[in-house]
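Undergrad: Input structure: entry.cif, which contains mmCIF, C-alpha atoms.
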```
data_my_file
#
loop_
_atom_site.label_atom_id
_atom_site.label_comp_id
_atom_site.auth_asym_id
_atom_site.auth_seq_id
_atom_site.Cartn_x
_atom_site.Cartn_y
_atom_site.Cartn_z
CA MET A 10 10.85 3.52 -22.84
CA ILE A 11 9.29 2.13 -19.68
CA GLY A 12 8.92 -1.63 -19.93
CA LEU A 13 7.61 -4.44 -17.80
CA THR A 14 10.95 -4.75 -16.00
CA HIS A 15 10.73 -1.21 -14.64
CA TYR A 16 7.34 -1.89 -13.14
CA LEU A 17 8.41 -5.24 -11.69
CA VAL A 18 11.49 -3.68 -10.09
CA LEU A 19 9.28 -0.97 -8.59
CA THR A 20 6.92 -3.68 -7.31
CA GLY A 21 9.87 -5.47 -5.71
CA ILE A 22 11.07 -2.28 -4.02
CA LEU A 23 7.63 -1.44 -2.64
CA PHE A 24 7.10 -5.03 -1.49
CA SER A 25 10.43 -5.01 0.34
CA ILE A 26 9.50 -1.71 2.04
CA GLY A 27 6.32 -3.39 3.23
CA LEU A 28 8.25 -6.45 4.43
CA VAL A 29 10.66 -4.24 6.39
CA GLY A 30 7.64 -2.58 7.99
CA VAL A 31 6.07 -5.91 8.93
CA MET A 32 9.32 -7.03 10.56
CA ARG A 33 10.31 -3.74 12.18
CA ARG A 34 7.10 -2.47 13.76
CA THR A 35 5.53 -4.00 16.83
CA ASN A 36 2.51 -1.70 16.90
CA LEU A 37 -0.48 -3.55 15.46
CA LEU A 38 -1.85 -0.47 13.67
CA MET A 39 1.49 -0.03 11.91
CA LEU A 40 1.42 -3.71 10.96
CA PHE A 41 -1.93 -3.07 9.25
CA PHE A 42 -0.41 -0.15 7.34
CA SER A 43 2.47 -2.36 6.21
CA THR A 44 0.02 -5.01 5.01
CA GLU A 45 -1.70 -2.37 2.89
CA ILE A 46 1.67 -1.50 1.35
CA LEU A 47 2.26 -5.17 0.48
CA LEU A 48 -1.16 -5.51 -1.16
CA ASN A 49 -0.69 -2.31 -3.17
CA ALA A 50 2.73 -3.37 -4.40
CA VAL A 51 1.27 -6.64 -5.67
CA ASN A 52 -1.55 -4.72 -7.36
CA ILE A 53 0.91 -2.64 -9.38
CA GLY A 54 2.65 -5.83 -10.52
CA PHE A 55 -0.63 -7.45 -11.60
CA VAL A 56 -1.77 -4.42 -13.59
CA ALA A 57 1.66 -4.05 -15.25
CA VAL A 58 1.66 -7.70 -16.35
CA SER A 59 -1.92 -7.29 -17.55
CA LYS A 60 -0.92 -4.32 -19.72
CA PHE A 61 2.24 -5.76 -21.24
CA TYR A 62 0.78 -9.20 -22.00
CA GLY A 63 -2.53 -7.76 -23.21
CA ASP A 64 -4.48 -9.86 -20.74
CA LEU A 65 -7.34 -8.77 -18.50
CA SER A 66 -6.89 -11.43 -15.80
CA GLY A 67 -4.33 -9.32 -13.97
CA GLN A 68 -6.75 -6.43 -13.58
CA MET A 69 -9.44 -8.83 -12.36
CA PHE A 70 -7.09 -10.16 -9.70
CA ALA A 71 -6.14 -6.64 -8.62
CA PHE A 72 -9.86 -5.81 -8.35
CA PHE A 73 -10.52 -8.79 -6.06
CA ILE A 74 -7.41 -7.98 -4.00
CA ILE A 75 -8.85 -4.51 -3.35
CA ALA A 76 -12.13 -6.13 -2.18
CA VAL A 77 -10.22 -8.46 0.14
CA ALA A 78 -8.19 -5.54 1.54
CA ALA A 79 -11.37 -3.58 2.29
CA SER A 80 -12.96 -6.44 4.24
CA GLU A 81 -9.67 -7.19 6.02
CA VAL A 82 -9.51 -3.61 7.27
CA ALA A 83 -13.12 -3.68 8.52
CA VAL A 84 -12.72 -6.88 10.54
CA GLY A 85 -9.15 -6.18 11.68
CA LEU A 86 -9.92 -2.69 12.93
CA GLY A 87 -12.94 -3.99 14.84
CA LEU A 88 -10.79 -6.60 16.58
CA LEU A 89 -8.10 -3.99 17.25
CA ILE A 90 -10.57 -1.61 18.91
CA LEU A 91 -11.87 -4.47 21.07
CA TRP A 92 -8.33 -5.38 22.10
CA TYR A 93 -7.50 -1.76 22.93
CA LYS A 94 -10.60 -1.45 25.11
CA ARG A 95 -9.61 -4.56 27.01
CA ASN A 96 -5.85 -3.95 27.33
CA GLY A 97 -5.17 -0.27 26.76
CA SER A 98 -2.43 -1.06 24.27
CA VAL A 99 -2.13 -2.16 20.65
CA ASP A 100 1.44 -3.35 21.02
CA LEU A 101 2.25 -6.79 19.66
CA ASN A 102 4.01 -7.79 22.88
CA SER A 103 0.79 -7.35 24.85
CA LEU A 104 -0.58 -10.33 22.92
CA GLN A 105 1.99 -12.69 24.46
CA MET A 106 0.03 -14.30 27.25
CA MET A 107 1.67 -17.70 27.29
CA ARG A 108 5.34 -16.83 27.43
CA GLY A 109 7.35 -20.03 27.67
CA MET B 20 8.83 10.93 -22.98
CA TYR B 21 5.85 12.08 -20.94
CA GLU B 22 5.30 8.53 -19.74
CA VAL B 23 8.93 8.17 -18.62
CA ILE B 24 8.85 11.39 -16.60
CA ALA B 25 5.51 10.42 -15.01
CA PHE B 26 6.77 6.94 -14.13
CA TYR B 27 9.92 8.14 -12.39
CA LEU B 28 8.09 10.97 -10.59
CA PHE B 29 5.37 8.67 -9.27
CA ALA B 30 7.92 5.98 -8.38
CA ALA B 31 10.03 8.39 -6.33
CA LEU B 32 6.97 9.85 -4.59
CA THR B 33 5.47 6.45 -3.80
CA ILE B 34 8.72 5.07 -2.40
CA ALA B 35 9.22 8.21 -0.29
CA MET B 36 5.65 8.05 1.07
CA PHE B 37 5.83 4.37 1.96
CA THR B 38 9.24 4.82 3.58
CA ILE B 39 7.67 7.49 5.79
CA VAL B 40 4.87 5.05 6.69
CA VAL B 41 7.35 2.38 7.70
CA MET B 42 9.79 4.64 9.55
CA SER B 43 7.55 7.26 11.19
CA LYS B 44 7.02 7.20 14.95
CA ASN B 45 3.74 9.11 14.82
CA ALA B 46 0.68 7.11 13.78
CA LEU B 47 -1.07 10.17 12.34
CA TYR B 48 1.85 11.02 10.04
CA ALA B 49 2.02 7.40 8.93
CA MET B 50 -1.67 7.37 8.02
CA SER B 51 -1.46 10.61 6.03
CA ALA B 52 1.60 9.35 4.15
CA LEU B 53 -0.19 6.09 3.39
CA ALA B 54 -3.18 7.98 1.95
CA GLY B 55 -0.81 10.01 -0.24
CA GLY B 56 0.97 6.88 -1.43
CA MET B 57 -2.34 5.26 -2.41
CA ILE B 58 -3.22 8.23 -4.63
CA PHE B 59 0.20 8.12 -6.31
CA ILE B 60 -0.31 4.40 -6.97
CA SER B 61 -3.53 5.22 -8.80
CA GLY B 62 -1.34 7.36 -11.06
CA PHE B 63 0.46 4.17 -12.11
CA PHE B 64 -2.86 2.55 -12.95
CA PHE B 65 -3.80 5.47 -15.21
CA LEU B 66 -0.38 5.21 -16.88
CA LEU B 67 -1.01 1.51 -17.50
CA ASP B 68 -4.39 2.13 -19.24
CA ALA B 69 -6.35 0.67 -16.35
CA GLU B 70 -8.69 3.60 -15.73
CA PHE B 71 -11.28 1.54 -13.89
CA LEU B 72 -8.77 0.28 -11.34
CA GLY B 73 -7.31 3.76 -10.92
CA VAL B 74 -10.72 5.15 -10.02
CA VAL B 75 -11.46 2.19 -7.76
CA GLN B 76 -8.10 2.69 -6.06
CA ILE B 77 -8.88 6.33 -5.27
CA VAL B 78 -12.46 5.62 -4.16
CA VAL B 79 -11.84 2.48 -2.11
CA TYR B 80 -8.35 2.98 -0.72
CA SER B 81 -8.05 6.73 -0.24
CA GLY B 82 -11.74 7.17 0.46
CA ALA B 83 -13.11 4.20 2.33
CA ILE B 84 -10.11 2.47 3.90
CA MET B 85 -8.34 5.65 4.99
CA ALA B 86 -11.58 7.05 6.44
CA LEU B 87 -12.03 3.78 8.33
CA TYR B 88 -8.50 4.05 9.73
CA ALA B 89 -9.11 7.67 10.67
CA PHE B 90 -12.28 6.74 12.55
CA GLY B 91 -10.52 3.78 14.17
CA MET B 92 -7.67 5.96 15.34
CA MET B 93 -10.10 8.09 17.33
CA PHE B 94 -10.24 5.14 19.74
CA PHE B 95 -6.47 5.03 20.18
CA ASP B 96 -4.17 7.54 21.79
CA THR B 97 -2.38 8.84 18.69
CA THR B 98 -0.67 11.85 20.22
CA ARG B 99 1.74 9.61 22.07
CA ASP B 100 4.75 8.42 20.07
CA VAL B 101 4.80 4.75 19.20
CA SER B 102 7.55 3.23 21.30
CA GLU B 103 8.90 0.01 19.94
CA LYS B 104 11.99 -1.99 20.63
CA MET B 105 13.26 -5.07 18.92
CA ARG B 106 14.31 -7.59 21.48
CA SER B 107 15.53 -10.59 19.56
CA LYS B 108 18.17 -9.64 16.98
CA LYS B 109 18.53 -13.20 15.74
CA ILE B 110 14.91 -13.44 14.56
CA ALA B 111 15.20 -10.06 12.82
CA TYR B 112 18.34 -11.07 10.91
CA THR B 113 16.81 -14.39 9.86
CA LEU B 114 13.70 -12.63 8.57
CA PHE B 115 15.77 -10.07 6.66
CA VAL B 116 17.74 -12.83 4.93
CA LEU B 117 14.56 -14.70 4.06
CA SER B 118 12.91 -11.58 2.64
CA ALA B 119 16.01 -10.80 0.56
CA ALA B 120 15.79 -14.30 -0.94
CA LEU B 121 12.08 -13.71 -1.60
CA ILE B 122 12.85 -10.46 -3.47
CA VAL B 123 15.39 -12.28 -5.66
CA ILE B 124 12.80 -14.94 -6.50
CA ILE B 125 10.18 -12.26 -7.32
CA LEU B 126 12.56 -10.40 -9.63
CA CYS B 127 13.67 -13.62 -11.35
CA ALA B 128 10.12 -14.90 -11.88
CA PRO B 129 9.65 -13.27 -15.34
CA LEU B 130 12.56 -15.32 -16.67
CA ALA B 131 10.66 -18.53 -16.05
CA SER B 132 7.40 -17.29 -17.52
CA SER B 133 8.39 -16.24 -21.03
CA SER B 134 5.65 -18.36 -22.64
CA VAL B 135 2.59 -16.75 -21.08
CA GLN B 136 -0.54 -16.78 -23.25
CA ALA B 137 -3.30 -14.25 -22.73
CA ASN B 138 -6.43 -15.78 -21.22
CA PHE B 139 -8.73 -12.84 -21.92
CA PRO B 140 -6.94 -10.79 -24.58
CA THR B 141 -7.66 -7.09 -24.73
CA VAL B 142 -9.59 -5.86 -27.76
CA GLU B 143 -8.72 -2.77 -29.77
CA HIS B 144 -11.08 0.24 -29.81
CA VAL B 145 -12.97 -0.94 -26.72
CA GLY B 146 -12.75 1.05 -23.50
CA ASN B 147 -11.12 -0.38 -20.41
CA VAL B 148 -14.25 -0.07 -18.29
CA GLN B 149 -16.35 -1.82 -20.94
CA MET B 150 -13.90 -4.70 -21.25
CA ILE B 151 -13.69 -5.13 -17.47
CA GLY B 152 -17.47 -5.16 -17.26
CA LEU B 153 -17.71 -7.84 -19.95
CA VAL B 154 -15.12 -10.12 -18.34
CA LEU B 155 -16.29 -9.49 -14.77
CA PHE B 156 -19.93 -10.35 -15.46
CA THR B 157 -19.25 -13.39 -17.65
CA LYS B 158 -16.13 -15.25 -16.56
CA TYR B 159 -15.75 -13.91 -13.03
CA LEU B 160 -19.41 -13.73 -12.02
CA ILE B 161 -19.23 -16.24 -9.15
CA PRO B 162 -16.07 -14.72 -7.56
CA PHE B 163 -17.78 -11.34 -7.87
CA GLU B 164 -20.85 -12.59 -5.98
CA LEU B 165 -18.63 -14.25 -3.38
CA ALA B 166 -16.74 -10.98 -2.92
CA ALA B 167 -20.06 -9.22 -2.36
CA ILE B 168 -21.04 -11.74 0.34
CA MET B 169 -17.57 -11.43 1.91
CA LEU B 170 -17.89 -7.63 2.08
CA LEU B 171 -21.33 -7.96 3.69
CA VAL B 172 -19.97 -10.38 6.30
CA ALA B 173 -17.00 -8.09 6.96
CA MET B 174 -19.31 -5.09 7.38
CA ILE B 175 -21.50 -6.91 9.91
CA ALA B 176 -18.40 -8.19 11.75
CA GLY B 177 -16.91 -4.70 11.91
CA ILE B 178 -20.12 -3.18 13.27
CA VAL B 179 -20.61 -5.92 15.86
CA LEU B 180 -17.00 -5.90 17.04
CA ALA B 181 -16.55 -2.13 17.26
CA SER B 182 -19.93 -1.36 18.82
CA LYS B 183 -19.51 -3.82 21.68
CA LYS B 184 -19.45 -1.97 25.03
CA MET B 185 -19.67 1.33 23.20
CA ASP B 186 -21.45 2.99 26.14
CA GLU B 187 -18.73 2.06 28.64
CA HIS B 188 -15.47 3.84 29.33
CA LEU B 189 -12.67 3.30 26.86
CA ASN B 190 -9.85 2.60 29.29
CA ILE B 191 -8.94 2.63 32.96
CA GLU B 192 -7.78 6.26 33.04
CA ASP B 193 -11.13 7.54 31.79
CA GLU B 194 -12.88 5.37 34.34
CA GLU B 195 -10.80 6.81 37.20
CA LEU B 196 -11.44 10.31 35.91
CA GLY B 197 -15.17 9.58 35.90
CA ASN B 198 -15.05 8.27 39.47
CA VAL B 199 -13.28 11.42 40.64
CA LYS B 200 -15.93 13.59 39.03
CA GLU B 201 -18.73 11.55 40.55
CA SER B 202 -17.25 11.74 44.06
CA ARG B 203 -17.04 15.54 43.97
#
```
Turn this file's structure into structure tokens for me.
TA:
Amino acid sequence: MIGLTHYLVLTGILFSIGLVGVMRRTNLLMLFFSTEILLNAVNIGFVAVSKFYGDLSGQMFAFFIIAVAASEVAVGLGLLILWYKRNGSVDLNSLQMMRG
Amino acid sequence: MYEVIAFYLFAALTIAMFTIVVMSKNALYAMSALAGGMIFISGFFFLLDAEFLGVVQIVVYSGAIMALYAFGMMFFDTTRDVSEKMRSKKIAYTLFVLSAALIVIILCAPLASSSVQANFPTVEHVGNVQMIGLVLFTKYLIPFELAAIMLLVAMIAGIVLASKKMDEHLNIEDEELGNVKESR
């Protein structure tokens, strides 16, 4: 039978995929995608714990995480479009203005 | 048996989709794979008896957020491959070691929390949506209102930021092209 451990291992795998993305990519749009992966992995973990402990708090937290993700995308994409208009690039290295 | 098959199928599909997102060089492929992965994740929510969150996942993530990304990518040049190169190997190795330690801590966390008591225990013979409504509008009313205000602020910020200089040229190449056309 599928237990809590299965879901937590899956959460760990998805979270590590997201972490690899955050570290590997230097394109800001891809960094946003990786952040979405991290948030979704955490959501699965919350809902799994909520089911196997019979507690609703996990689902509430997942709900608020989805709200935070939606607003993060709206503001982040606006800033990204502004930066692209100004610089013509969404690469992370174009943000380094004060290189020591 | 049905649950086991569904779990492993959705797990394999989700991991494959998210690996494509992380590894793909084309931004358009990455976005499509991300949208697919979100829908497969909602399958997990339905398996876990969280119907409300499954529906919200499909509506908000695959509907709203992916549409927002698709509209945002119209501003960027997505036909060109994303060229990236890691310059500092030392930082990358340090981060990989740190993230491996983090994964170990995450997977060991259930050992330390064997005595968890349910704060809002689920009730038998009551639907998931009904229970979520009861808890959300009694115990979590103020966070709910704050989330509403946060979404409003984010919407205004997105509109203001993206619509700035909307009537001007997007980048230097377009501007040069426009000058050439005007001079003819």
Undergrad: Please write the residues picked by the PyMOL selection byres ((chain A) within 6 of (chain B)) on this file as a PyMOL selection string.
TA: chain A and resi 30+63-65+80+83-84+87+94
Undergrad: I'd like the residues picked by the PyMOL selection byres ((chain A and resi 31) around 12) written out as number ranges by chain, using the chain letters and numbers from the file.
TA: A: 24-30, 32-47, 101; B: 40-42, 111, 114-115, 118
Undergrad: Step by step, work through what the PyMOL selection byres ((chain A and resi 75) around 9) selects in the shown file, and finish by giving those residues as number ranges by chain.
TA: A: 48-49, 52, 70-74, 76-80; B: 75-76, 79-80
Undergrad: Could you tell me how far atom CA of A:Val56 sits from atom CA of B:Glu70, in Å to one decimal place?
TA: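 So the two atoms, atom CA of B:Glu70 and atom CA of A:Val56, lie 10.8 Å apart.
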Undergrad: To one decimal place, how far is atom CA of A:Val58 from atom CA of B:Ser51 in Å?
TA: 29.1 Å
Undergrad: Do a neighbour search on A:Tyr16 at 8 Å with only C-alpha atoms, toss out local chain neighbours closer than 6 positions, and write the hits as an MDAnalysis selection string.
TA: chainID A and resid 53:54 57
Undergrad: Any idea what the distance is between atom CA of B:Ser81 and atom CA of A:Val82?
TA: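 One can read the atom CA of B:Ser81 to atom CA of A:Val82 distance as 12.9 Å.
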